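Note: the block below is model_3.cif and it holds mmCIF, C-alpha atoms.
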data_query
#
loop_
_atom_site.group_PDB
_atom_site.id
_atom_site.type_symbol
_atom_site.label_atom_id
_atom_site.label_comp_id
_atom_site.auth_asym_id
_atom_site.auth_seq_id
_atom_site.Cartn_x
_atom_site.Cartn_y
_atom_site.Cartn_z
ATOM 1 C CA MET A 1 36.687 5.883 32.381
ATOM 2 C CA GLY A 2 34.543 8.581 33.846
ATOM 3 C CA GLY A 3 32.000 9.161 36.532
ATOM 4 C CA GLY A 4 28.890 11.252 36.805
ATOM 5 C CA ALA A 5 25.176 11.246 37.207
ATOM 6 C CA ILE A 6 22.011 11.959 35.257
ATOM 7 C CA THR A 7 18.966 12.935 37.234
ATOM 8 C CA GLY A 8 15.436 13.268 35.957
ATOM 9 C CA VAL A 9 11.807 13.008 36.867
ATOM 10 C CA VAL A 10 9.765 10.973 34.405
ATOM 11 C CA GLY A 11 11.000 7.546 33.353
ATOM 12 C CA ARG A 12 9.737 4.060 32.786
ATOM 13 C CA ILE A 13 10.821 0.461 32.658
ATOM 14 C CA GLU A 14 9.680 -1.414 29.593
ATOM 15 C CA TRP A 15 9.233 -5.099 28.909
ATOM 16 C CA SER A 16 8.707 -5.207 25.154
ATOM 17 C CA TYR A 17 5.837 -2.761 24.477
ATOM 18 C CA PHE A 18 4.581 -2.921 28.069
ATOM 19 C CA VAL A 19 5.370 -0.404 30.768
ATOM 20 C CA ALA A 20 6.472 -2.638 33.634
ATOM 21 C CA ALA A 21 7.009 0.300 35.970
ATOM 22 C CA ALA A 22 6.402 4.048 35.910
ATOM 23 C CA ILE A 23 9.081 6.161 37.552
ATOM 24 C CA ASN A 24 8.884 9.582 39.079
ATOM 25 C CA GLY A 25 12.360 10.684 40.073
ATOM 26 C CA TYR A 26 15.539 8.864 39.106
ATOM 27 C CA THR A 27 19.325 9.063 39.183
ATOM 28 C CA VAL A 28 21.594 7.159 36.839
ATOM 29 C CA THR A 29 25.205 7.037 37.962
ATOM 30 C CA ARG A 30 28.300 5.947 36.129
ATOM 31 C CA ASN A 31 31.422 4.780 37.856
ATOM 32 C CA GLY A 32 33.945 3.710 35.257
ATOM 33 C CA THR A 33 32.175 1.039 33.269
ATOM 34 C CA GLU A 34 29.520 0.479 35.927
ATOM 35 C CA TRP A 35 26.098 2.047 35.450
ATOM 36 C CA ALA A 36 23.434 2.065 38.135
ATOM 37 C CA LEU A 37 19.906 3.348 38.597
ATOM 38 C CA ARG A 38 18.105 4.526 41.705
ATOM 39 C CA ALA A 39 14.497 5.504 41.200
ATOM 40 C CA THR A 40 11.117 6.003 42.802
ATOM 41 C CA VAL A 41 8.460 3.738 41.341
ATOM 42 C CA VAL A 42 4.940 5.142 41.306
ATOM 43 C CA SER A 43 3.230 2.164 39.684
ATOM 44 C CA SER A 44 4.385 -1.253 38.597
ATOM 45 C CA ASP A 45 3.258 -4.638 37.380
ATOM 46 C CA ALA A 46 4.895 -7.388 39.437
ATOM 47 C CA PHE A 47 4.617 -9.984 36.677
ATOM 48 C CA LYS A 48 6.121 -7.766 34.004
ATOM 49 C CA LEU A 49 8.980 -6.684 36.273
ATOM 50 C CA ARG A 50 10.024 -10.332 36.591
ATOM 51 C CA GLN A 51 10.306 -10.755 32.809
ATOM 52 C CA ARG A 52 13.431 -10.128 30.729
ATOM 53 C CA PRO A 53 14.745 -8.156 28.978
ATOM 54 C CA LEU A 54 13.784 -4.990 30.844
ATOM 55 C CA ILE A 55 14.775 -1.575 29.522
ATOM 56 C CA PHE A 56 14.970 1.628 31.547
ATOM 57 C CA VAL A 57 13.791 4.551 29.393
ATOM 58 C CA ALA A 58 14.518 8.166 30.287
ATOM 59 C CA PRO A 59 12.908 10.666 27.915
ATOM 60 C CA HIS A 60 14.715 13.940 27.204
ATOM 61 C CA ASN A 61 14.233 16.930 24.909
ATOM 62 C CA LYS A 62 15.661 15.278 21.802
ATOM 63 C CA GLY A 63 14.458 11.735 22.325
ATOM 64 C CA GLU A 64 15.164 9.224 25.031
ATOM 65 C CA TRP A 65 18.032 7.378 26.683
ATOM 66 C CA ARG A 66 17.699 3.641 27.076
ATOM 67 C CA TRP A 67 19.597 1.165 29.235
ATOM 68 C CA ALA A 68 19.151 -2.581 29.518
ATOM 69 C CA ILE A 69 18.655 -3.630 33.130
ATOM 70 C CA ARG A 70 20.972 -6.388 34.356
ATOM 71 C CA ALA A 71 19.494 -6.831 37.824
ATOM 72 C CA LEU A 72 17.048 -4.926 39.962
ATOM 73 C CA SER A 73 15.474 -4.840 43.374
ATOM 74 C CA LEU A 74 12.302 -3.029 44.375
ATOM 75 C CA GLU A 75 11.362 -2.386 47.954
ATOM 76 C CA ASN A 76 8.745 0.047 49.234
ATOM 77 C CA GLY A 77 8.727 1.870 45.906
ATOM 78 C CA ARG A 78 12.496 2.367 45.857
ATOM 79 C CA LEU A 79 14.130 0.711 42.890
ATOM 80 C CA VAL A 80 17.846 -0.024 42.602
ATOM 81 C CA ALA A 81 19.210 -1.549 39.408
ATOM 82 C CA ASP A 82 22.470 -2.417 37.696
ATOM 83 C CA LEU A 83 22.480 -1.263 34.091
ATOM 84 C CA ASP A 84 24.374 -2.127 30.955
ATOM 85 C CA PRO A 85 25.943 0.832 29.093
ATOM 86 C CA PRO A 86 23.372 3.008 27.267
ATOM 87 C CA LEU A 87 21.794 1.498 24.183
ATOM 88 C CA PRO A 88 22.519 3.232 20.878
ATOM 89 C CA MET B 1 3.060 -24.452 26.060
ATOM 90 C CA SER B 2 2.741 -21.394 28.308
ATOM 91 C CA ARG B 3 -0.645 -19.826 28.886
ATOM 92 C CA PHE B 4 0.977 -16.401 29.219
ATOM 93 C CA VAL B 5 0.906 -14.053 26.257
ATOM 94 C CA ARG B 6 4.341 -13.241 24.874
ATOM 95 C CA PRO B 7 4.441 -9.530 23.945
ATOM 96 C CA GLU B 8 5.079 -9.824 20.223
ATOM 97 C CA THR B 9 4.134 -7.369 17.515
ATOM 98 C CA THR B 10 2.931 -7.598 13.932
ATOM 99 C CA ARG B 11 3.380 -4.991 11.223
ATOM 100 C CA LEU B 12 0.259 -4.123 9.218
ATOM 101 C CA ASP B 13 0.727 -2.248 5.972
ATOM 102 C CA LEU B 14 -1.636 0.591 5.104
ATOM 103 C CA THR B 15 -2.077 2.524 1.883
ATOM 104 C CA GLU B 16 0.340 5.323 0.886
ATOM 105 C CA GLY B 17 3.287 3.446 2.379
ATOM 106 C CA ASP B 18 2.148 3.841 5.974
ATOM 107 C CA TYR B 19 2.113 1.017 8.474
ATOM 108 C CA LEU B 20 0.939 0.081 11.957
ATOM 109 C CA VAL B 21 2.741 -1.982 14.563
ATOM 110 C CA VAL B 22 0.152 -3.877 16.589
ATOM 111 C CA LYS B 23 0.159 -6.433 19.381
ATOM 112 C CA THR B 24 -0.010 -9.885 17.868
ATOM 113 C CA ARG B 25 -2.309 -11.004 20.696
ATOM 114 C CA LEU B 26 -3.967 -9.281 23.616
ATOM 115 C CA ASN B 27 -3.577 -10.674 27.109
ATOM 116 C CA ALA B 28 -6.527 -11.130 29.496
ATOM 117 C CA GLY B 29 -6.157 -7.709 31.099
ATOM 118 C CA GLU B 30 -5.994 -5.912 27.764
ATOM 119 C CA THR B 31 -9.014 -7.822 26.482
ATOM 120 C CA ARG B 32 -11.020 -6.953 29.602
ATOM 121 C CA GLU B 33 -9.996 -3.317 29.330
ATOM 122 C CA MET B 34 -11.011 -3.222 25.656
ATOM 123 C CA TYR B 35 -14.475 -4.620 26.406
ATOM 124 C CA ALA B 36 -14.872 -2.295 29.395
ATOM 125 C CA ARG B 37 -14.390 0.645 27.025
ATOM 126 C CA MET B 38 -16.706 -0.747 24.375
ATOM 127 C CA TYR B 39 -19.775 -1.109 26.591
ATOM 128 C CA VAL B 40 -21.724 1.168 28.907
ATOM 129 C CA HIS B 41 -24.415 0.431 31.441
ATOM 130 C CA GLY B 42 -27.824 1.609 30.226
ATOM 131 C CA ASP B 43 -30.482 3.106 32.482
ATOM 132 C CA ASP B 44 -31.952 -0.370 32.875
ATOM 133 C CA GLY B 45 -28.595 -1.685 34.094
ATOM 134 C CA ARG B 46 -27.961 -3.702 30.936
ATOM 135 C CA LEU B 47 -24.742 -3.398 28.990
ATOM 136 C CA ARG B 48 -24.981 -1.627 25.653
ATOM 137 C CA PRO B 49 -22.341 -1.026 22.997
ATOM 138 C CA ASN B 50 -20.893 2.464 23.182
ATOM 139 C CA PRO B 51 -20.751 3.647 19.557
ATOM 140 C CA ARG B 52 -18.319 6.459 20.445
ATOM 141 C CA GLN B 53 -15.794 4.002 21.780
ATOM 142 C CA THR B 54 -16.228 0.705 19.947
ATOM 143 C CA GLY B 55 -13.692 1.209 17.163
ATOM 144 C CA LEU B 56 -11.426 3.403 19.248
ATOM 145 C CA ALA B 57 -11.276 0.819 22.045
ATOM 146 C CA LYS B 58 -10.165 -1.877 19.627
ATOM 147 C CA ILE B 59 -7.475 0.292 18.061
ATOM 148 C CA LEU B 60 -6.198 1.464 21.465
ATOM 149 C CA ALA B 61 -6.007 -2.130 22.667
ATOM 150 C CA TYR B 62 -3.837 -3.263 19.747
ATOM 151 C CA LEU B 63 -1.874 -0.250 18.538
ATOM 152 C CA VAL B 64 1.789 -0.043 19.603
ATOM 153 C CA ASP B 65 3.334 2.222 16.975
ATOM 154 C CA TRP B 66 2.789 3.614 13.486
ATOM 155 C CA SER B 67 4.505 5.552 10.718
ATOM 156 C CA LEU B 68 2.002 8.413 10.546
ATOM 157 C CA THR B 69 3.307 11.972 10.406
ATOM 158 C CA ASP B 70 1.687 15.177 11.615
ATOM 159 C CA LEU B 71 0.713 18.223 9.549
ATOM 160 C CA GLU B 72 4.354 19.393 9.499
ATOM 161 C CA GLY B 73 5.620 16.029 8.334
ATOM 162 C CA LYS B 74 7.122 15.109 11.718
ATOM 163 C CA PRO B 75 6.513 11.650 13.175
ATOM 164 C CA ALA B 76 3.312 11.575 15.214
ATOM 165 C CA VAL B 77 4.887 9.693 18.092
ATOM 166 C CA ILE B 78 2.596 7.313 19.961
ATOM 167 C CA ARG B 79 4.933 4.544 21.128
ATOM 168 C CA GLY B 80 5.122 4.572 24.912
ATOM 169 C CA ARG B 81 2.869 7.633 25.110
ATOM 170 C CA PRO B 82 0.000 7.833 27.620
ATOM 171 C CA GLU B 83 -3.332 6.570 26.408
ATOM 172 C CA ASP B 84 -4.952 10.016 26.393
ATOM 173 C CA GLU B 85 -2.254 11.248 23.981
ATOM 174 C CA VAL B 86 -2.794 8.293 21.637
ATOM 175 C CA THR B 87 -6.543 8.889 21.816
ATOM 176 C CA ALA B 88 -5.995 12.549 20.934
ATOM 177 C CA CYS B 89 -3.926 11.538 17.892
ATOM 178 C CA LEU B 90 -6.580 9.088 16.744
ATOM 179 C CA ASN B 91 -9.309 11.685 17.195
ATOM 180 C CA ASN B 92 -7.440 14.114 14.954
ATOM 181 C CA ILE B 93 -6.836 11.937 11.917
ATOM 182 C CA ASP B 94 -9.290 12.027 9.046
ATOM 183 C CA PRO B 95 -12.267 9.642 9.216
ATOM 184 C CA ASP B 96 -11.177 7.612 6.178
ATOM 185 C CA SER B 97 -7.780 6.958 7.720
ATOM 186 C CA PHE B 98 -9.396 6.040 11.018
ATOM 187 C CA GLY B 99 -11.610 3.583 9.148
ATOM 188 C CA GLU B 100 -8.606 2.114 7.340
ATOM 189 C CA ILE B 101 -6.734 1.648 10.625
ATOM 190 C CA LEU B 102 -9.750 0.042 12.270
ATOM 191 C CA ALA B 103 -10.282 -2.309 9.325
ATOM 192 C CA ALA B 104 -6.604 -3.333 9.416
ATOM 193 C CA VAL B 105 -6.786 -4.047 13.152
ATOM 194 C CA GLU B 106 -10.047 -6.000 12.780
ATOM 195 C CA ASP B 107 -8.599 -8.069 9.923
ATOM 196 C CA HIS B 108 -5.524 -8.782 12.046
ATOM 197 C CA GLU B 109 -7.701 -9.788 15.021
ATOM 198 C CA GLN B 110 -9.774 -12.105 12.834
ATOM 199 C CA ALA B 111 -6.723 -13.677 11.182
ATOM 200 C CA THR B 112 -5.065 -14.237 14.553
ATOM 201 C CA ALA B 113 -8.215 -15.784 16.018
ATOM 202 C CA THR B 114 -8.564 -18.114 13.035
ATOM 203 C CA ALA B 115 -4.921 -19.173 13.242
ATOM 204 C CA ARG B 116 -5.218 -19.828 16.975
ATOM 205 C CA ALA B 117 -8.390 -21.837 16.531
ATOM 206 C CA GLN B 118 -6.676 -24.009 13.939
ATOM 207 C CA GLU B 119 -3.629 -24.411 16.175
ATOM 208 C CA LYS B 120 -5.821 -25.356 19.140
ATOM 209 C CA LYS B 121 -7.723 -27.866 17.030
ATOM 210 C CA ARG B 122 -4.462 -29.394 15.861
ATOM 211 C CA ARG B 123 -3.059 -29.547 19.411
ATOM 212 C CA ASP B 124 -6.245 -30.930 20.931
ATOM 213 C CA GLY B 125 -6.373 -33.524 18.200
ATOM 214 C CA GLY B 126 -2.875 -34.649 19.081
ATOM 215 C CA ARG B 127 -3.585 -34.714 22.804
ATOM 216 C CA GLY B 128 -6.777 -36.654 22.175
ATOM 217 C CA ASP B 129 -4.691 -39.553 20.873
ATOM 218 C CA GLU B 130 -2.476 -39.416 23.936
ATOM 219 C CA VAL B 131 -5.283 -39.533 26.477
ATOM 220 C CA THR B 132 -7.013 -42.501 24.884
ATOM 221 C CA SER B 133 -6.739 -45.319 27.368
ATOM 222 C CA PRO B 134 -4.218 -47.875 26.285
ATOM 223 C CA SER B 135 -5.297 -51.453 26.025
ATOM 224 C CA PRO B 136 -4.855 -53.555 29.164
ATOM 225 C CA SER B 137 -2.103 -55.532 27.555
ATOM 226 C CA ALA B 138 -0.136 -52.373 26.877
ATOM 227 C CA VAL B 139 -0.263 -51.556 30.592
ATOM 228 C CA THR B 140 0.191 -54.943 32.140
ATOM 229 C CA GLY B 141 1.977 -56.795 29.436
ATOM 230 C CA ALA B 142 0.469 -59.593 27.413
ATOM 231 C CA LEU B 143 -1.813 -61.776 29.487
ATOM 232 C CA SER B 144 -0.538 -65.021 28.285
ATOM 233 C CA GLY B 145 1.026 -67.886 30.073
ATOM 234 C CA SER B 146 -0.225 -69.737 33.063
ATOM 235 C CA ALA B 147 -0.560 -68.867 36.697
ATOM 236 C CA THR B 148 1.583 -70.741 39.063
#

As structure tokens - that is how I would like this structure written.
Amino acid sequence: MGGGAITGVVGRIEWSYFVAAAINGYTVTRNGTEWALRATVVSSDAFKLRQRPLIFVAPHNKGEWRWAIRALSLENGRLVADLDPPLP
Amino acid sequence: MSRFVRPETTRLDLTEGDYLVVKTRLNAGETREMYARMYVHGDDGRLRPNPRQTGLAKILAYLVDWSLTDLEGKPAVIRGRPEDEVTACLNNIDPDSFGEILAAVEDHEQATATARAQEKKRRDGGRGDEVTSPSPSAVTGALSGSAT
């Protein structure tokens, strides 16, 4: 069980092939088996954000990390979400 | 049956083993956006087809992913990429391939529209039976017997 954080700038939340939210600035933290996301949302689609499943996508040099979102809240552009472990 | 469009995809096979992944159906916003790209306002204020955009607008509206590779054989990634990047990719493929992609998307659009029209006809036919007024006796019971 470990802890730690990944920070980045560009990310997105997908519902199927749609971008439900565009993110500029995020932190993913891990505390044991718990994963969480805090992010700044720059644009979003309220309908798509209410659909499931939602996937948080964080691109990096060699591809992208993906997490399924378990629950989220969005207030004044600040998004907080509980994540499942990273998808393979 | 929901009136919302479920985001499902369909795979369309191309020649040389390539394929496209396209949206099975467009939603209202995507359809409006596609038409907005396809037409321009003329000097007289009337809408005219924009020949530079007509095919491109349709492909952009439907295309989700593909198997195409770049000149070095690496995947030409378009999934989740901004629209201007996908447009740049489409502008750099050879005209025959662009035509093949457009034809595949148009065939898919036509097939989907035909299938939906048939489904709607079948559903409306069924509902038509349901909304036919029942006979008075079915509502009130048989009108037999005597009043007291």

Exercise. Work out how far apart CA of Gly2 (chain A) and CA of Arg38 (chain A) are and give it in Å to one decimal.
Key: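 Computing it gives 18.7 Å between the two atoms.
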
Self-check item: Exercise answer, chain B residues close to chain A, 9 Å and only C-alpha atoms, as a PyMOL selection string
Solution: chain B and resi 7-9+23+64+79-80

Quick one: write out the picked residues with C-alpha atoms as a short mmCIF file (atom, residue, chain, number, x, y, z; two decimals), in the frame of the given file?
data_model
loop_
_atom_site.label_atom_id
_atom_site.label_comp_id
_atom_site.auth_asym_id
_atom_site.auth_seq_id
_atom_site.Cartn_x
_atom_site.Cartn_y
_atom_site.Cartn_z
CA PRO B 7 4.44 -9.53 23.94
CA GLU B 8 5.08 -9.82 20.22
CA THR B 9 4.13 -7.37 17.52
CA LYS B 23 0.16 -6.43 19.38
CA VAL B 64 1.79 -0.04 19.60
CA ARG B 79 4.93 4.54 21.13
CA GLY B 80 5.12 4.57 24.91
#

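The two atoms in question, CA of Pro88 (chain A) and CA of Glu64 (chain A), are spaced 10.4 Å apart.
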
Written as a CSV table (one decimal) with C-alpha atoms, in the frame of the given file, what is the full residue list that the PyMOL selection byres ((chain A and resi 37) around 7) yields on the file shown?
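Result saved to selection_27.csv:
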chain,number,residue,atom,x,y,z
A,27,THR,CA,19.3,9.1,39.2
A,28,VAL,CA,21.6,7.2,36.8
A,29,THR,CA,25.2,7.0,38.0
A,36,ALA,CA,23.4,2.1,38.1
A,38,ARG,CA,18.1,4.5,41.7
A,39,ALA,CA,14.5,5.5,41.2
A,80,VAL,CA,17.8,0.0,42.6
A,81,ALA,CA,19.2,-1.5,39.4
A,82,ASP,CA,22.5,-2.4,37.7
A,83,LEU,CA,22.5,-1.3,34.1

Exercise. Compare B:Gln118, B:Leu12, B:Asn91, B:Thr54 by their minimum atom-to-atom distance to Val105 (chain B), counting only C-alpha atoms, and give me the closest one.
Key: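 Nearest candidate to Val105 (chain B) out of B:Gln118, B:Leu12, B:Asn91, B:Thr54: B:Leu12.
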
Quiz item: Nearest to Ile6 (chain A) among A:Ser43, A:His60, A:Leu79, A:Gln51, with distances taken over all atoms listed in the file: which residue is it?
Solution: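 Checking each candidate against Ile6 (chain A), we get A:His60 as the closest.
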
Can you tell me, as AutoDock Vina command-line options, the centre and edge lengths (Å, one decimal) of the axis-aligned box enclosing all of region 73-77 of chain A's listed atoms after padding each side by 8 Å?
--center_x 12.1 --center_y -1.5 --center_z 46.3 --size_x 22.7 --size_y 22.7 --size_z 21.9

Practice problem: Please write the residues picked by the PyMOL selection byres ((chain A and resi 4) around 6) on this file as a PyMOL selection string. | Solution: chain A and resi 3+5+29-30

Can you spit out the residues from that selection as a PDB file, in the coordinates of the input, using C-alpha atoms?
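Final output, out_8.pdb:
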ATOM      1  CA  GLY A   3      32.000   9.161  36.532  1.00  0.00           C
ATOM      2  CA  ALA A   5      25.176  11.246  37.207  1.00  0.00           C
ATOM      3  CA  THR A  29      25.205   7.037  37.962  1.00  0.00           C
ATOM      4  CA  ARG A  30      28.300   5.947  36.129  1.00  0.00           C
TER       5      ARG A  30
END

Practice problem: Output the residue selection produced by the PyMOL selection byres ((chain A and resi 10) around 7) on the file above, formatted as a list in words. | Solution: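 So the PyMOL selection byres ((chain A and resi 10) around 7), applied here, picks out Gly8, Val9, Gly11, Ile23, Asn24, Gly25 and Ala58 of chain A.
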
Quiz item: In Å to one decimal, how far is CA of Tyr26 (chain A) from CA of Trp67 (chain A)?
Solution: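 CA of Tyr26 (chain A) lies 13.2 Å from CA of Trp67 (chain A).
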
Quiz item: Nearest to Leu63 (chain B) among B:Gln110, B:Gly99, B:Arg46, B:Arg11, with distances taken over only C-alpha atoms: which residue is it?
Solution: B:Arg11

Within 9 Å of Leu56 (chain B), counting only C-alpha atoms, which residues show up once you throw out same-chain ones fewer than 2 positions away? Write them as a compact mmCIF listing (two decimals) with C-alpha atoms, in the frame of the given file, please.
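Everything below was put into part-v1.txt:
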# COMPACT_ATOMS: atom_id res chain seq x y z
CA ARG B 37 -14.39 0.64 27.02
CA MET B 38 -16.71 -0.75 24.38
CA ARG B 52 -18.32 6.46 20.44
CA GLN B 53 -15.79 4.00 21.78
CA THR B 54 -16.23 0.70 19.95
CA LYS B 58 -10.16 -1.88 19.63
CA ILE B 59 -7.48 0.29 18.06
CA LEU B 60 -6.20 1.46 21.46
CA ALA B 61 -6.01 -2.13 22.67
CA THR B 87 -6.54 8.89 21.82
CA LEU B 90 -6.58 9.09 16.74
CA ASN B 91 -9.31 11.68 17.20
CA PHE B 98 -9.40 6.04 11.02
CA LEU B 102 -9.75 0.04 12.27

N, CA and C atoms restored at region 62-73 of chain B, emitted as a compact mmCIF listing (two decimals), keeping the file's coordinate frame:
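The result, stored in selection31.txt:
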# COMPACT_ATOMS: atom_id res chain seq x y z
N TYR B 62 -4.85 -2.59 20.58
CA TYR B 62 -3.84 -3.26 19.75
C TYR B 62 -2.65 -2.39 19.35
N LEU B 63 -2.89 -1.10 19.18
CA LEU B 63 -1.87 -0.25 18.54
C LEU B 63 -0.65 -0.02 19.44
N VAL B 64 0.53 -0.27 18.89
CA VAL B 64 1.79 -0.04 19.60
C VAL B 64 2.55 1.13 18.98
N ASP B 65 2.56 1.18 17.66
CA ASP B 65 3.33 2.22 16.98
C ASP B 65 2.77 2.37 15.56
N TRP B 66 3.19 3.41 14.89
CA TRP B 66 2.79 3.61 13.49
C TRP B 66 3.78 4.52 12.78
N SER B 67 3.59 4.70 11.49
CA SER B 67 4.50 5.55 10.72
C SER B 67 3.89 6.90 10.40
N LEU B 68 2.71 7.19 10.94
CA LEU B 68 2.00 8.41 10.55
C LEU B 68 2.77 9.67 10.96
N THR B 69 2.65 10.69 10.12
CA THR B 69 3.31 11.97 10.41
C THR B 69 2.25 13.05 10.62
N ASP B 70 2.65 14.10 11.33
CA ASP B 70 1.69 15.18 11.62
C ASP B 70 1.61 16.16 10.44
N LEU B 71 0.94 17.27 10.64
CA LEU B 71 0.71 18.22 9.55
C LEU B 71 2.01 18.87 9.07
N GLU B 72 3.05 18.83 9.91
CA GLU B 72 4.35 19.39 9.50
C GLU B 72 5.30 18.32 8.98
N GLY B 73 4.79 17.12 8.85
CA GLY B 73 5.62 16.03 8.33
C GLY B 73 6.50 15.37 9.37
